[in-house]
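As provided, coords.pdb (PDB, C-alpha atoms) reads as follows.
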```pdb
ATOM      1  CA  MET A   1      28.796 -13.206 -34.019
ATOM      2  CA  SER A   2      26.444 -16.082 -34.833
ATOM      3  CA  GLU A   3      27.281 -17.742 -31.506
ATOM      4  CA  ALA A   4      26.357 -14.550 -29.613
ATOM      5  CA  VAL A   5      23.070 -14.327 -31.525
ATOM      6  CA  LEU A   6      22.296 -17.958 -30.710
ATOM      7  CA  THR A   7      23.065 -17.342 -27.041
ATOM      8  CA  ILE A   8      20.786 -14.305 -26.905
ATOM      9  CA  GLY A   9      18.106 -16.186 -28.813
ATOM     10  CA  GLY A  10      18.370 -19.085 -26.397
ATOM     11  CA  THR A  11      18.034 -16.719 -23.439
ATOM     12  CA  PHE A  12      14.866 -15.171 -24.869
ATOM     13  CA  ASN A  13      13.452 -18.612 -25.622
ATOM     14  CA  ARG A  14      14.045 -19.825 -22.062
ATOM     15  CA  ILE A  15      12.595 -16.656 -20.531
ATOM     16  CA  GLY A  16       9.620 -16.921 -22.871
ATOM     17  CA  ALA A  17       9.031 -20.548 -21.937
ATOM     18  CA  ILE A  18       9.058 -19.746 -18.204
ATOM     19  CA  ALA A  19       6.775 -16.722 -18.708
ATOM     20  CA  SER A  20       4.358 -18.774 -20.802
ATOM     21  CA  ASN A  21       4.231 -21.502 -18.160
ATOM     22  CA  VAL A  22       3.513 -18.928 -15.409
ATOM     23  CA  PHE A  23       0.794 -17.324 -17.523
ATOM     24  CA  ARG A  24      -0.982 -20.641 -18.161
ATOM     25  CA  GLU A  25      -0.643 -21.742 -14.552
ATOM     26  CA  VAL A  26      -2.030 -18.503 -13.081
ATOM     27  CA  MET A  27      -4.865 -18.314 -15.593
ATOM     28  CA  ARG A  28      -5.845 -21.865 -14.632
ATOM     29  CA  ASP A  29      -6.093 -20.739 -11.003
ATOM     30  CA  ARG A  30      -9.487 -19.202 -11.756
ATOM     31  CA  ILE A  31      -8.000 -15.758 -11.889
ATOM     32  CA  LEU A  32     -10.679 -14.651 -14.350
ATOM     33  CA  TYR A  33     -13.281 -15.028 -11.616
ATOM     34  CA  LEU A  34     -11.899 -11.716 -10.365
ATOM     35  CA  VAL A  35     -12.997 -10.162 -13.653
ATOM     36  CA  MET A  36     -16.504 -11.501 -13.092
ATOM     37  CA  PHE A  37     -16.423 -10.098  -9.552
ATOM     38  CA  TYR A  38     -15.415  -6.691 -10.945
ATOM     39  CA  ALA A  39     -18.256  -6.714 -13.456
ATOM     40  CA  GLY A  40     -20.745  -7.817 -10.786
ATOM     41  CA  ALA A  41     -19.571  -5.105  -8.381
ATOM     42  CA  LEU A  42     -20.044  -2.365 -10.983
ATOM     43  CA  ILE A  43     -23.462  -3.647 -12.035
ATOM     44  CA  LEU A  44     -24.581  -3.847  -8.404
ATOM     45  CA  ALA A  45     -23.235  -0.367  -7.703
ATOM     46  CA  ASN A  46     -25.063   0.945 -10.751
ATOM     47  CA  TYR A  47     -28.372  -0.230  -9.268
ATOM     48  CA  LEU A  48     -27.659   0.858  -5.683
ATOM     49  CA  LEU A  49     -26.053   4.266  -6.207
ATOM     50  CA  PRO A  50     -29.227   6.066  -7.373
ATOM     51  CA  GLU A  51     -30.801   5.139  -4.021
ATOM     52  CA  ILE A  52     -28.029   6.657  -1.918
ATOM     53  CA  ALA A  53     -26.402   9.312  -4.124
ATOM     54  CA  ALA A  54     -28.943  11.573  -5.729
ATOM     55  CA  THR A  55     -27.660  13.314  -8.903
ATOM     56  CA  THR A  56     -24.015  12.233  -8.299
ATOM     57  CA  GLU A  57     -24.327   8.513  -9.009
ATOM     58  CA  LYS A  58     -22.750   8.777 -12.477
ATOM     59  CA  LYS A  59     -19.636  10.514 -11.155
ATOM     60  CA  ILE A  60     -19.360   8.007  -8.302
ATOM     61  CA  LEU A  61     -19.702   5.050 -10.687
ATOM     62  CA  LEU A  62     -16.834   6.368 -12.809
ATOM     63  CA  ASP A  63     -14.706   6.833  -9.675
ATOM     64  CA  LEU A  64     -15.617   3.341  -8.487
ATOM     65  CA  ALA A  65     -14.795   1.759 -11.843
ATOM     66  CA  LEU A  66     -11.278   3.217 -11.775
ATOM     67  CA  ALA A  67     -10.676   2.753  -8.028
ATOM     68  CA  THR A  68     -11.634  -0.939  -7.960
ATOM     69  CA  MET A  69      -9.167  -1.963 -10.657
ATOM     70  CA  PRO A  70      -6.002  -1.310  -8.600
ATOM     71  CA  VAL A  71      -7.440  -3.150  -5.591
ATOM     72  CA  ILE A  72      -8.105  -6.318  -7.590
ATOM     73  CA  GLY A  73      -4.789  -5.999  -9.432
ATOM     74  CA  LEU A  74      -2.905  -5.531  -6.161
ATOM     75  CA  ILE A  75      -4.390  -8.754  -4.778
ATOM     76  CA  VAL A  76      -3.109 -10.661  -7.806
ATOM     77  CA  ALA A  77       0.305  -8.954  -7.885
ATOM     78  CA  ILE A  78       1.060  -9.611  -4.205
ATOM     79  CA  PHE A  79      -0.653 -12.934  -3.516
ATOM     80  CA  ILE A  80       0.550 -14.551  -6.742
ATOM     81  CA  GLY A  81       3.897 -12.764  -6.955
ATOM     82  CA  THR A  82       5.118 -13.716  -3.488
ATOM     83  CA  GLY A  83       4.446 -17.390  -4.189
ATOM     84  CA  LEU A  84       5.947 -17.670  -7.670
ATOM     85  CA  VAL A  85       9.468 -18.457  -6.475
ATOM     86  CA  ASN A  86       8.667 -19.503  -2.902
ATOM     87  CA  LYS A  87       6.262 -22.180  -4.111
ATOM     88  CA  GLU A  88       8.910 -23.675  -6.403
ATOM     89  CA  ILE A  89      11.336 -23.818  -3.467
ATOM     90  CA  GLU A  90       8.810 -25.385  -1.073
ATOM     91  CA  LYS A  91       7.707 -28.001  -3.619
ATOM     92  CA  ARG A  92      11.337 -28.705  -4.554
ATOM     93  CA  THR A  93      10.506 -28.221  -8.252
ATOM     94  CA  VAL A  94      13.204 -25.540  -8.334
ATOM     95  CA  PHE A  95      15.776 -28.369  -8.435
ATOM     96  CA  VAL A  96      14.433 -29.515 -11.793
ATOM     97  CA  LEU A  97      14.396 -25.998 -13.237
ATOM     98  CA  ILE A  98      17.872 -24.916 -12.201
ATOM     99  CA  ALA A  99      19.289 -28.293 -13.254
ATOM    100  CA  LYS A 100      18.379 -27.384 -16.834
ATOM    101  CA  PRO A 101      20.378 -24.790 -18.815
ATOM    102  CA  VAL A 102      18.366 -21.971 -17.242
ATOM    103  CA  SER A 103      20.159 -19.239 -15.340
ATOM    104  CA  ARG A 104      18.608 -17.980 -12.134
ATOM    105  CA  ALA A 105      18.273 -14.499 -13.635
ATOM    106  CA  GLU A 106      16.306 -15.980 -16.548
ATOM    107  CA  PHE A 107      14.138 -17.793 -14.021
ATOM    108  CA  ILE A 108      13.314 -14.570 -12.128
ATOM    109  CA  ILE A 109      12.719 -12.499 -15.264
ATOM    110  CA  GLY A 110      10.526 -15.196 -16.790
ATOM    111  CA  LYS A 111       8.406 -15.418 -13.655
ATOM    112  CA  HIS A 112       7.938 -11.646 -13.612
ATOM    113  CA  LEU A 113       7.057 -11.394 -17.306
ATOM    114  CA  GLY A 114       4.509 -14.199 -16.955
ATOM    115  CA  LEU A 115       2.788 -12.489 -14.029
ATOM    116  CA  SER A 116       2.919  -9.121 -15.821
ATOM    117  CA  ALA A 117       1.162 -10.733 -18.792
ATOM    118  CA  VAL A 118      -1.582 -11.987 -16.452
ATOM    119  CA  LEU A 119      -1.941  -8.490 -14.988
ATOM    120  CA  ALA A 120      -2.150  -7.042 -18.506
ATOM    121  CA  VAL A 121      -5.009  -9.403 -19.407
ATOM    122  CA  LEU A 122      -6.747  -8.657 -16.109
ATOM    123  CA  ILE A 123      -6.503  -4.874 -16.522
ATOM    124  CA  ALA A 124      -7.536  -5.031 -20.181
ATOM    125  CA  ALA A 125     -10.614  -7.092 -19.300
ATOM    126  CA  MET A 126     -11.614  -4.777 -16.452
ATOM    127  CA  SER A 127     -11.064  -1.700 -18.626
ATOM    128  CA  LEU A 128     -13.277  -3.194 -21.335
ATOM    129  CA  ILE A 129     -16.003  -3.921 -18.784
ATOM    130  CA  ALA A 130     -15.747  -0.401 -17.351
ATOM    131  CA  VAL A 131     -15.988   1.188 -20.811
ATOM    132  CA  GLY A 132     -18.988  -1.018 -21.678
ATOM    133  CA  ILE A 133     -20.911  -0.103 -18.524
ATOM    134  CA  LEU A 134     -20.083   3.596 -18.827
ATOM    135  CA  LEU A 135     -21.277   3.622 -22.437
ATOM    136  CA  VAL A 136     -24.480   1.751 -21.639
ATOM    137  CA  GLU A 137     -25.265   4.136 -18.801
ATOM    138  CA  LYS A 138     -24.277   7.142 -20.962
ATOM    139  CA  ILE A 139     -21.802   8.381 -18.372
ATOM    140  CA  PRO A 140     -19.408  10.954 -19.881
ATOM    141  CA  PHE A 141     -15.747   9.955 -19.745
ATOM    142  CA  SER A 142     -12.564  10.303 -21.779
ATOM    143  CA  LEU A 143     -11.526   7.015 -23.395
ATOM    144  CA  PRO A 144      -7.888   8.115 -23.970
ATOM    145  CA  ASN A 145      -7.629   9.176 -20.316
ATOM    146  CA  LEU A 146      -9.049   5.859 -19.138
ATOM    147  CA  LEU A 147      -6.635   3.901 -21.348
ATOM    148  CA  ILE A 148      -3.648   5.959 -20.142
ATOM    149  CA  SER A 149      -4.702   5.391 -16.534
ATOM    150  CA  SER A 150      -5.013   1.641 -17.170
ATOM    151  CA  GLY A 151      -1.602   1.525 -18.853
ATOM    152  CA  PHE A 152       0.098   3.207 -15.911
ATOM    153  CA  LEU A 153      -1.813   0.959 -13.528
ATOM    154  CA  LEU A 154      -0.190  -1.986 -15.310
ATOM    155  CA  LEU A 155       3.232  -0.408 -14.756
ATOM    156  CA  GLN A 156       2.445   0.136 -11.081
ATOM    157  CA  LEU A 157       1.273  -3.438 -10.545
ATOM    158  CA  SER A 158       4.190  -4.827 -12.536
ATOM    159  CA  LEU A 159       6.517  -2.909 -10.206
ATOM    160  CA  ILE A 160       4.711  -4.271  -7.140
ATOM    161  CA  SER A 161       4.867  -7.809  -8.535
ATOM    162  CA  ALA A 162       8.650  -7.411  -8.962
ATOM    163  CA  ILE A 163       8.890  -6.374  -5.302
ATOM    164  CA  ALA A 164       6.692  -9.320  -4.297
ATOM    165  CA  ILE A 165       8.970 -11.706  -6.209
ATOM    166  CA  LEU A 166      12.016 -10.134  -4.532
ATOM    167  CA  PHE A 167      10.634 -10.768  -1.043
ATOM    168  CA  GLY A 168       9.432 -14.234  -2.075
ATOM    169  CA  VAL A 169      13.012 -15.168  -2.970
ATOM    170  CA  PHE A 170      14.305 -15.026   0.611
ATOM    171  CA  THR A 171      11.297 -15.005   2.975
ATOM    172  CA  SER A 172       8.177 -17.040   3.653
ATOM    173  CA  SER A 173       5.067 -16.324   1.584
ATOM    174  CA  LEU A 174       3.210 -14.736   4.510
ATOM    175  CA  LEU A 175       6.061 -12.390   5.444
ATOM    176  CA  ALA A 176       6.641 -11.544   1.781
ATOM    177  CA  MET A 177       2.965 -10.569   1.437
ATOM    178  CA  MET A 178       3.133  -8.335   4.491
ATOM    179  CA  LEU A 179       6.343  -6.648   3.332
ATOM    180  CA  SER A 180       5.033  -6.156  -0.207
ATOM    181  CA  PHE A 181       1.806  -4.631   1.060
ATOM    182  CA  GLY A 182       3.799  -2.372   3.396
ATOM    183  CA  ILE A 183       5.983  -1.169   0.505
ATOM    184  CA  TYR A 184       2.852  -0.501  -1.524
ATOM    185  CA  LEU A 185       1.337   1.654   1.223
ATOM    186  CA  MET A 186       4.582   3.557   1.797
ATOM    187  CA  GLY A 187       5.017   4.003  -1.950
ATOM    188  CA  GLN A 188       1.598   5.614  -2.138
ATOM    189  CA  LEU A 189       2.571   7.968   0.695
ATOM    190  CA  SER A 190       6.212   8.624  -0.240
ATOM    191  CA  PRO A 191       5.697  12.329  -1.186
ATOM    192  CA  ASP A 192       3.810  12.852   2.080
ATOM    193  CA  ILE A 193       6.718  11.298   3.994
ATOM    194  CA  VAL A 194       9.030  14.005   2.606
ATOM    195  CA  LYS A 195       6.515  16.717   3.505
ATOM    196  CA  PHE A 196       6.285  15.327   7.029
ATOM    197  CA  GLY A 197      10.068  15.456   7.376
ATOM    198  CA  LYS A 198      10.141  19.114   6.326
ATOM    199  CA  LEU A 199       7.358  19.990   8.769
ATOM    200  CA  THR A 200       9.354  18.593  11.697
ATOM    201  CA  LYS A 201      12.191  21.101  11.074
ATOM    202  CA  ASN A 202      14.523  18.377  12.334
ATOM    203  CA  PRO A 203      17.565  17.815  10.061
ATOM    204  CA  VAL A 204      17.907  14.156  11.090
ATOM    205  CA  ILE A 205      14.279  13.346  10.366
ATOM    206  CA  GLU A 206      14.431  15.309   7.119
ATOM    207  CA  THR A 207      17.466  13.284   6.017
ATOM    208  CA  VAL A 208      15.768   9.997   6.941
ATOM    209  CA  THR A 209      12.534  10.865   5.143
ATOM    210  CA  GLN A 210      14.443  12.060   2.077
ATOM    211  CA  GLY A 211      16.377   8.787   2.078
ATOM    212  CA  LEU A 212      13.142   6.802   2.320
ATOM    213  CA  TYR A 213      11.726   8.762  -0.603
ATOM    214  CA  LEU A 214      14.764   7.914  -2.737
ATOM    215  CA  VAL A 215      14.674   4.204  -1.855
ATOM    216  CA  LEU A 216      10.929   3.551  -1.850
ATOM    217  CA  PRO A 217       9.038   3.461  -5.158
ATOM    218  CA  ASP A 218       7.056   6.630  -5.791
ATOM    219  CA  LEU A 219       3.810   4.944  -6.814
ATOM    220  CA  THR A 220       1.961   8.256  -7.029
ATOM    221  CA  ARG A 221       3.741   8.803 -10.363
ATOM    222  CA  LEU A 222       1.890   5.794 -11.740
ATOM    223  CA  ASP A 223      -1.509   6.458 -10.168
ATOM    224  CA  LEU A 224      -3.523   8.458 -12.693
ATOM    225  CA  LYS A 225      -7.086   7.462 -11.861
ATOM    226  CA  ASN A 226      -7.995  10.857 -10.375
ATOM    227  CA  GLN A 227      -6.334  12.683 -13.250
ATOM    228  CA  ALA A 228      -8.313  10.530 -15.694
ATOM    229  CA  VAL A 229     -11.605  11.439 -14.013
ATOM    230  CA  TYR A 230     -10.905  15.190 -13.924
ATOM    231  CA  ASN A 231      -9.111  15.369 -17.313
ATOM    232  CA  LEU A 232      -5.816  16.339 -15.711
ATOM    233  CA  ILE A 233      -3.553  13.811 -17.432
ATOM    234  CA  PRO A 234       0.060  15.123 -17.338
ATOM    235  CA  ALA A 235       1.935  16.244 -20.431
ATOM    236  CA  PRO A 236       3.453  13.523 -22.682
ATOM    237  CA  GLN A 237       7.026  14.229 -21.537
ATOM    238  CA  ILE A 238       5.990  13.773 -17.903
ATOM    239  CA  LEU A 239       4.203  10.522 -18.743
ATOM    240  CA  LEU A 240       7.285   9.295 -20.608
ATOM    241  CA  GLY A 241       9.524  10.169 -17.651
ATOM    242  CA  ASN A 242       7.221   8.372 -15.213
ATOM    243  CA  ALA A 243       7.075   5.290 -17.454
ATOM    244  CA  LEU A 244      10.886   5.261 -17.703
ATOM    245  CA  TYR A 245      11.082   5.559 -13.908
ATOM    246  CA  ALA A 246       8.844   2.474 -13.562
ATOM    247  CA  PHE A 247      10.892   0.401 -16.041
ATOM    248  CA  LEU A 248      14.189   1.322 -14.378
ATOM    249  CA  TYR A 249      12.845   0.559 -10.903
ATOM    250  CA  ILE A 250      11.498  -2.813 -12.084
ATOM    251  CA  ALA A 251      14.874  -3.654 -13.645
ATOM    252  CA  PHE A 252      16.641  -2.627 -10.418
ATOM    253  CA  VAL A 253      14.377  -4.786  -8.229
ATOM    254  CA  LEU A 254      14.645  -7.817 -10.535
ATOM    255  CA  THR A 255      18.440  -7.450 -10.577
ATOM    256  CA  ILE A 256      18.536  -7.566  -6.777
ATOM    257  CA  ALA A 257      16.141 -10.535  -6.748
ATOM    258  CA  SER A 258      18.344 -12.386  -9.246
ATOM    259  CA  LEU A 259      21.496 -11.706  -7.212
ATOM    260  CA  ILE A 260      19.878 -12.941  -3.984
ATOM    261  CA  PHE A 261      18.421 -15.994  -5.726
ATOM    262  CA  SER A 262      21.803 -16.825  -7.295
ATOM    263  CA  ARG A 263      23.359 -16.968  -3.821
ATOM    264  CA  ARG A 264      20.739 -19.282  -2.361
ATOM    265  CA  GLU A 265      21.771 -22.855  -1.686
ATOM    266  CA  PHE A 266      19.295 -25.619  -2.502
TER
END
```

I need this file expressed as structure tokens, please.
Amino acid sequence: MSEAVLTIGGTFNRIGAIASNVFREVMRDRILYLVMFYAGALILANYLLPEIAATTEKKILLDLALATMPVIGLIVAIFIGTGLVNKEIEKRTVFVLIAKPVSRAEFIIGKHLGLSAVLAVLIAAMSLIAVGILLVEKIPFSLPNLLISSGFLLLQLSLISAIAILFGVFTSSLLAMMLSFGIYLMGQLSPDIVKFGKLTKNPVIETVTQGLYLVLPDLTRLDLKNQAVYNLIPAPQILLGNALYAFLYIAFVLTIASLIFSRREF
């Protein structure tokens, strides 16, 4: 019993050490400049919108505050995520890591948790800036809705970062970026793909589109920015189901990434 506990404890310690190293390394890469860019973009928009959007500038600023967050987060999730494993392979530092008592699954999970922690800090900082500007400008908004939207944005970006790590395990960084971005776009359109298949009235196309819907991540479940603006946040049981969907999909993708990485020869 004690040996099993020590083994589990050792696994958590190794994963934690890898995640902590990723977090420090990414934060040193001037990632927080993106937060400053976000703040600057909102401040600039706040001054320009009254000139081009009479009487609707407050609504547009709220939309912009929520719509800009996923764009910045996506850049980090894909550009950093695809290079987390690939960079270690190219620099040959992976030899040092896998020579230690670290399993390849622990390596993948640690990398993902470290990047997810960076995304959490990034989203929290941007949410704080958005709330501050909205309060200063006396723009009406629902704080719980905004926080729920930000929380599900973190789940969405964490899922995308897992996909980026998966592609980074067996492809070049450039190809992994392109594939990850493609999955993101298709994931945002996955319900529309099913609707398109039904409109064709073709059984083959309907089967293909239904299959794509089942395989691709349904990112619309985790995109609540419009619902936050219009106070249409789903019921708690729906939110819980969508969150569970995200966690299971992340676990599935990381499992595949670990299996592929375990078969790679270095």

Given all atoms listed in the file as the counted atoms, nearest of A:Tyr245, A:Phe141, A:Phe107, A:Tyr47 to Ala19 (chain A)
A:Phe107

Determine the residue membership of the PyMOL selection byres ((chain A and resi 188) around 12) for the file above and supply it as a PyMOL selection string.
chain A and resi 156+160+181-187+189-193+213+216-223

Please produce an output containing C-alpha atoms for each residue in the selection, written as a PDB file, keeping the file's coordinate frame.
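Resulting contents of again.pdb:
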```pdb
ATOM      1  CA  GLN A 156       2.445   0.136 -11.081  1.00  0.00           C
ATOM      2  CA  ILE A 160       4.711  -4.271  -7.140  1.00  0.00           C
ATOM      3  CA  PHE A 181       1.806  -4.631   1.060  1.00  0.00           C
ATOM      4  CA  GLY A 182       3.799  -2.372   3.396  1.00  0.00           C
ATOM      5  CA  ILE A 183       5.983  -1.169   0.505  1.00  0.00           C
ATOM      6  CA  TYR A 184       2.852  -0.501  -1.524  1.00  0.00           C
ATOM      7  CA  LEU A 185       1.337   1.654   1.223  1.00  0.00           C
ATOM      8  CA  MET A 186       4.582   3.557   1.797  1.00  0.00           C
ATOM      9  CA  GLY A 187       5.017   4.003  -1.950  1.00  0.00           C
ATOM     10  CA  LEU A 189       2.571   7.968   0.695  1.00  0.00           C
ATOM     11  CA  SER A 190       6.212   8.624  -0.240  1.00  0.00           C
ATOM     12  CA  PRO A 191       5.697  12.329  -1.186  1.00  0.00           C
ATOM     13  CA  ASP A 192       3.810  12.852   2.080  1.00  0.00           C
ATOM     14  CA  ILE A 193       6.718  11.298   3.994  1.00  0.00           C
ATOM     15  CA  TYR A 213      11.726   8.762  -0.603  1.00  0.00           C
ATOM     16  CA  LEU A 216      10.929   3.551  -1.850  1.00  0.00           C
ATOM     17  CA  PRO A 217       9.038   3.461  -5.158  1.00  0.00           C
ATOM     18  CA  ASP A 218       7.056   6.630  -5.791  1.00  0.00           C
ATOM     19  CA  LEU A 219       3.810   4.944  -6.814  1.00  0.00           C
ATOM     20  CA  THR A 220       1.961   8.256  -7.029  1.00  0.00           C
ATOM     21  CA  ARG A 221       3.741   8.803 -10.363  1.00  0.00           C
ATOM     22  CA  LEU A 222       1.890   5.794 -11.740  1.00  0.00           C
ATOM     23  CA  ASP A 223      -1.509   6.458 -10.168  1.00  0.00           C
TER      24      ASP A 223
END
```

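Across A:Leu135, A:Leu74, A:Val121, A:Leu48, the tightest approach to Leu62 (chain A) is made by A:Leu135 when counting all atoms listed in the file.
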
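When all atoms listed in the file are used to compute distances to Lys87 (chain A), the closest of the residues A:Ile129, A:Ala124, A:Ile165, A:Leu66 turns out to be A:Ile165.
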
Point-to-point distance from CA of Pro50 (chain A) to CA of Val35 (chain A), Å rounded to tenths
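Here the two named atoms are 23.8 Å from each other.
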
The PyMOL selection byres ((chain A and resi 109-117) around 8) resolved against shown file, as a ChimeraX atom specification:
/A:14-23,26,77,80-81,84-85,105-108,118-121,154,157-158,161-162,165,254

One decimal, in Å: what's the spacing between CA of Leu146 (chain A) and CA of Gly241 (chain A)?
19.1 Å

Around all the atoms of region 190-198 of chain A listed in the file, with 6 Å of room on each side, what axis-aligned box do you get, giving centre and edge lengths in Å to one decimal, as AutoDock Vina command-line options?
```
--center_x 7.0 --center_y 13.9 --center_z 3.1 --size_x 18.3 --size_y 22.5 --size_z 20.6
```

Would you please work out which residue, of A:Leu49, A:Ile238, A:Leu122, A:Val102, is nearest to Thr11 (chain A) when using all atoms listed in the file?
A:Val102

Which residue, A:Leu155, A:Ala164, A:Val204, A:Leu44, has the smallest gap to Ile75 (chain A) when you use all atoms listed in the file?
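When distances to Ile75 (chain A) are compared using all atoms listed in the file, the smallest one comes from A:Ala164.
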
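When only C-alpha atoms are used to measure the gap to Phe170 (chain A), the shortest distance among A:Asn145, A:Asn86, A:Asn226, A:Thr200 belongs to A:Asn86.
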
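Interatomic distance, CA of Tyr249 (chain A) against CA of Leu166 (chain A): 12.5 Å.
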
Name the residues that the PyMOL selection byres ((chain A and resi 134) around 12) picks from the file above, as a PyMOL selection string, using the file's chain letters and numbers.
chain A and resi 39+42-43+46+57-66+127-133+135-143+146

Fix up region 57-64 of chain A with all heavy atoms, then write it as an mmCIF file, in the coordinates of the input.
```
data_model
loop_
_atom_site.group_PDB
_atom_site.id
_atom_site.type_symbol
_atom_site.label_atom_id
_atom_site.label_comp_id
_atom_site.auth_asym_id
_atom_site.auth_seq_id
_atom_site.Cartn_x
_atom_site.Cartn_y
_atom_site.Cartn_z
ATOM 1 N N GLU A 57 -24.632 9.936 -8.849
ATOM 2 C CA GLU A 57 -24.327 8.513 -9.009
ATOM 3 C C GLU A 57 -23.441 8.227 -10.215
ATOM 4 O O GLU A 57 -22.617 7.306 -10.196
ATOM 5 C CB GLU A 57 -25.617 7.689 -9.102
ATOM 6 C CG GLU A 57 -26.470 7.915 -10.350
ATOM 7 C CD GLU A 57 -27.438 9.068 -10.180
ATOM 8 O OE1 GLU A 57 -27.353 9.760 -9.153
ATOM 9 O OE2 GLU A 57 -28.275 9.257 -11.074
ATOM 10 N N LYS A 58 -23.564 9.022 -11.289
ATOM 11 C CA LYS A 58 -22.750 8.777 -12.477
ATOM 12 C C LYS A 58 -21.282 9.072 -12.195
ATOM 13 O O LYS A 58 -20.391 8.322 -12.607
ATOM 14 C CB LYS A 58 -23.254 9.632 -13.637
ATOM 15 C CG LYS A 58 -24.633 9.189 -14.144
ATOM 16 C CD LYS A 58 -25.041 9.970 -15.374
ATOM 17 C CE LYS A 58 -26.382 9.455 -15.911
ATOM 18 N NZ LYS A 58 -26.795 10.178 -17.134
ATOM 19 N N LYS A 59 -21.030 10.166 -11.517
ATOM 20 C CA LYS A 59 -19.636 10.514 -11.155
ATOM 21 C C LYS A 59 -19.050 9.469 -10.216
ATOM 22 O O LYS A 59 -17.890 9.050 -10.369
ATOM 23 C CB LYS A 59 -19.648 11.897 -10.487
ATOM 24 C CG LYS A 59 -18.381 12.284 -9.752
ATOM 25 C CD LYS A 59 -17.222 12.470 -10.700
ATOM 26 C CE LYS A 59 -16.024 13.089 -9.995
ATOM 27 N NZ LYS A 59 -15.595 12.373 -8.812
ATOM 28 N N ILE A 60 -19.840 9.002 -9.254
ATOM 29 C CA ILE A 60 -19.360 8.007 -8.302
ATOM 30 C C ILE A 60 -19.073 6.685 -9.006
ATOM 31 O O ILE A 60 -18.095 6.001 -8.690
ATOM 32 C CB ILE A 60 -20.375 7.804 -7.159
ATOM 33 C CG1 ILE A 60 -20.486 9.087 -6.325
ATOM 34 C CG2 ILE A 60 -19.972 6.637 -6.265
ATOM 35 C CD1 ILE A 60 -21.536 9.028 -5.234
ATOM 36 N N LEU A 61 -19.919 6.311 -9.970
ATOM 37 C CA LEU A 61 -19.702 5.050 -10.687
ATOM 38 C C LEU A 61 -18.403 5.088 -11.476
ATOM 39 O O LEU A 61 -17.659 4.095 -11.512
ATOM 40 C CB LEU A 61 -20.881 4.765 -11.620
ATOM 41 C CG LEU A 61 -20.838 3.409 -12.336
ATOM 42 C CD1 LEU A 61 -20.866 2.269 -11.315
ATOM 43 C CD2 LEU A 61 -21.989 3.271 -13.319
ATOM 44 N N LEU A 62 -18.101 6.229 -12.088
ATOM 45 C CA LEU A 62 -16.834 6.368 -12.809
ATOM 46 C C LEU A 62 -15.655 6.256 -11.847
ATOM 47 O O LEU A 62 -14.670 5.566 -12.133
ATOM 48 C CB LEU A 62 -16.798 7.714 -13.538
ATOM 49 C CG LEU A 62 -15.502 8.061 -14.281
ATOM 50 C CD1 LEU A 62 -15.147 6.995 -15.296
ATOM 51 C CD2 LEU A 62 -15.624 9.432 -14.944
ATOM 52 N N ASP A 63 -15.762 6.930 -10.702
ATOM 53 C CA ASP A 63 -14.706 6.833 -9.675
ATOM 54 C C ASP A 63 -14.532 5.389 -9.218
ATOM 55 O O ASP A 63 -13.403 4.898 -9.060
ATOM 56 C CB ASP A 63 -15.052 7.708 -8.473
ATOM 57 C CG ASP A 63 -14.923 9.193 -8.776
ATOM 58 O OD1 ASP A 63 -14.210 9.533 -9.736
ATOM 59 O OD2 ASP A 63 -15.538 9.995 -8.064
ATOM 60 N N LEU A 64 -15.656 4.715 -8.981
ATOM 61 C CA LEU A 64 -15.617 3.341 -8.487
ATOM 62 C C LEU A 64 -15.000 2.404 -9.512
ATOM 63 O O LEU A 64 -14.233 1.501 -9.162
ATOM 64 C CB LEU A 64 -17.032 2.889 -8.131
ATOM 65 C CG LEU A 64 -17.172 1.510 -7.470
ATOM 66 C CD1 LEU A 64 -16.483 1.512 -6.104
ATOM 67 C CD2 LEU A 64 -18.646 1.148 -7.312
#
```
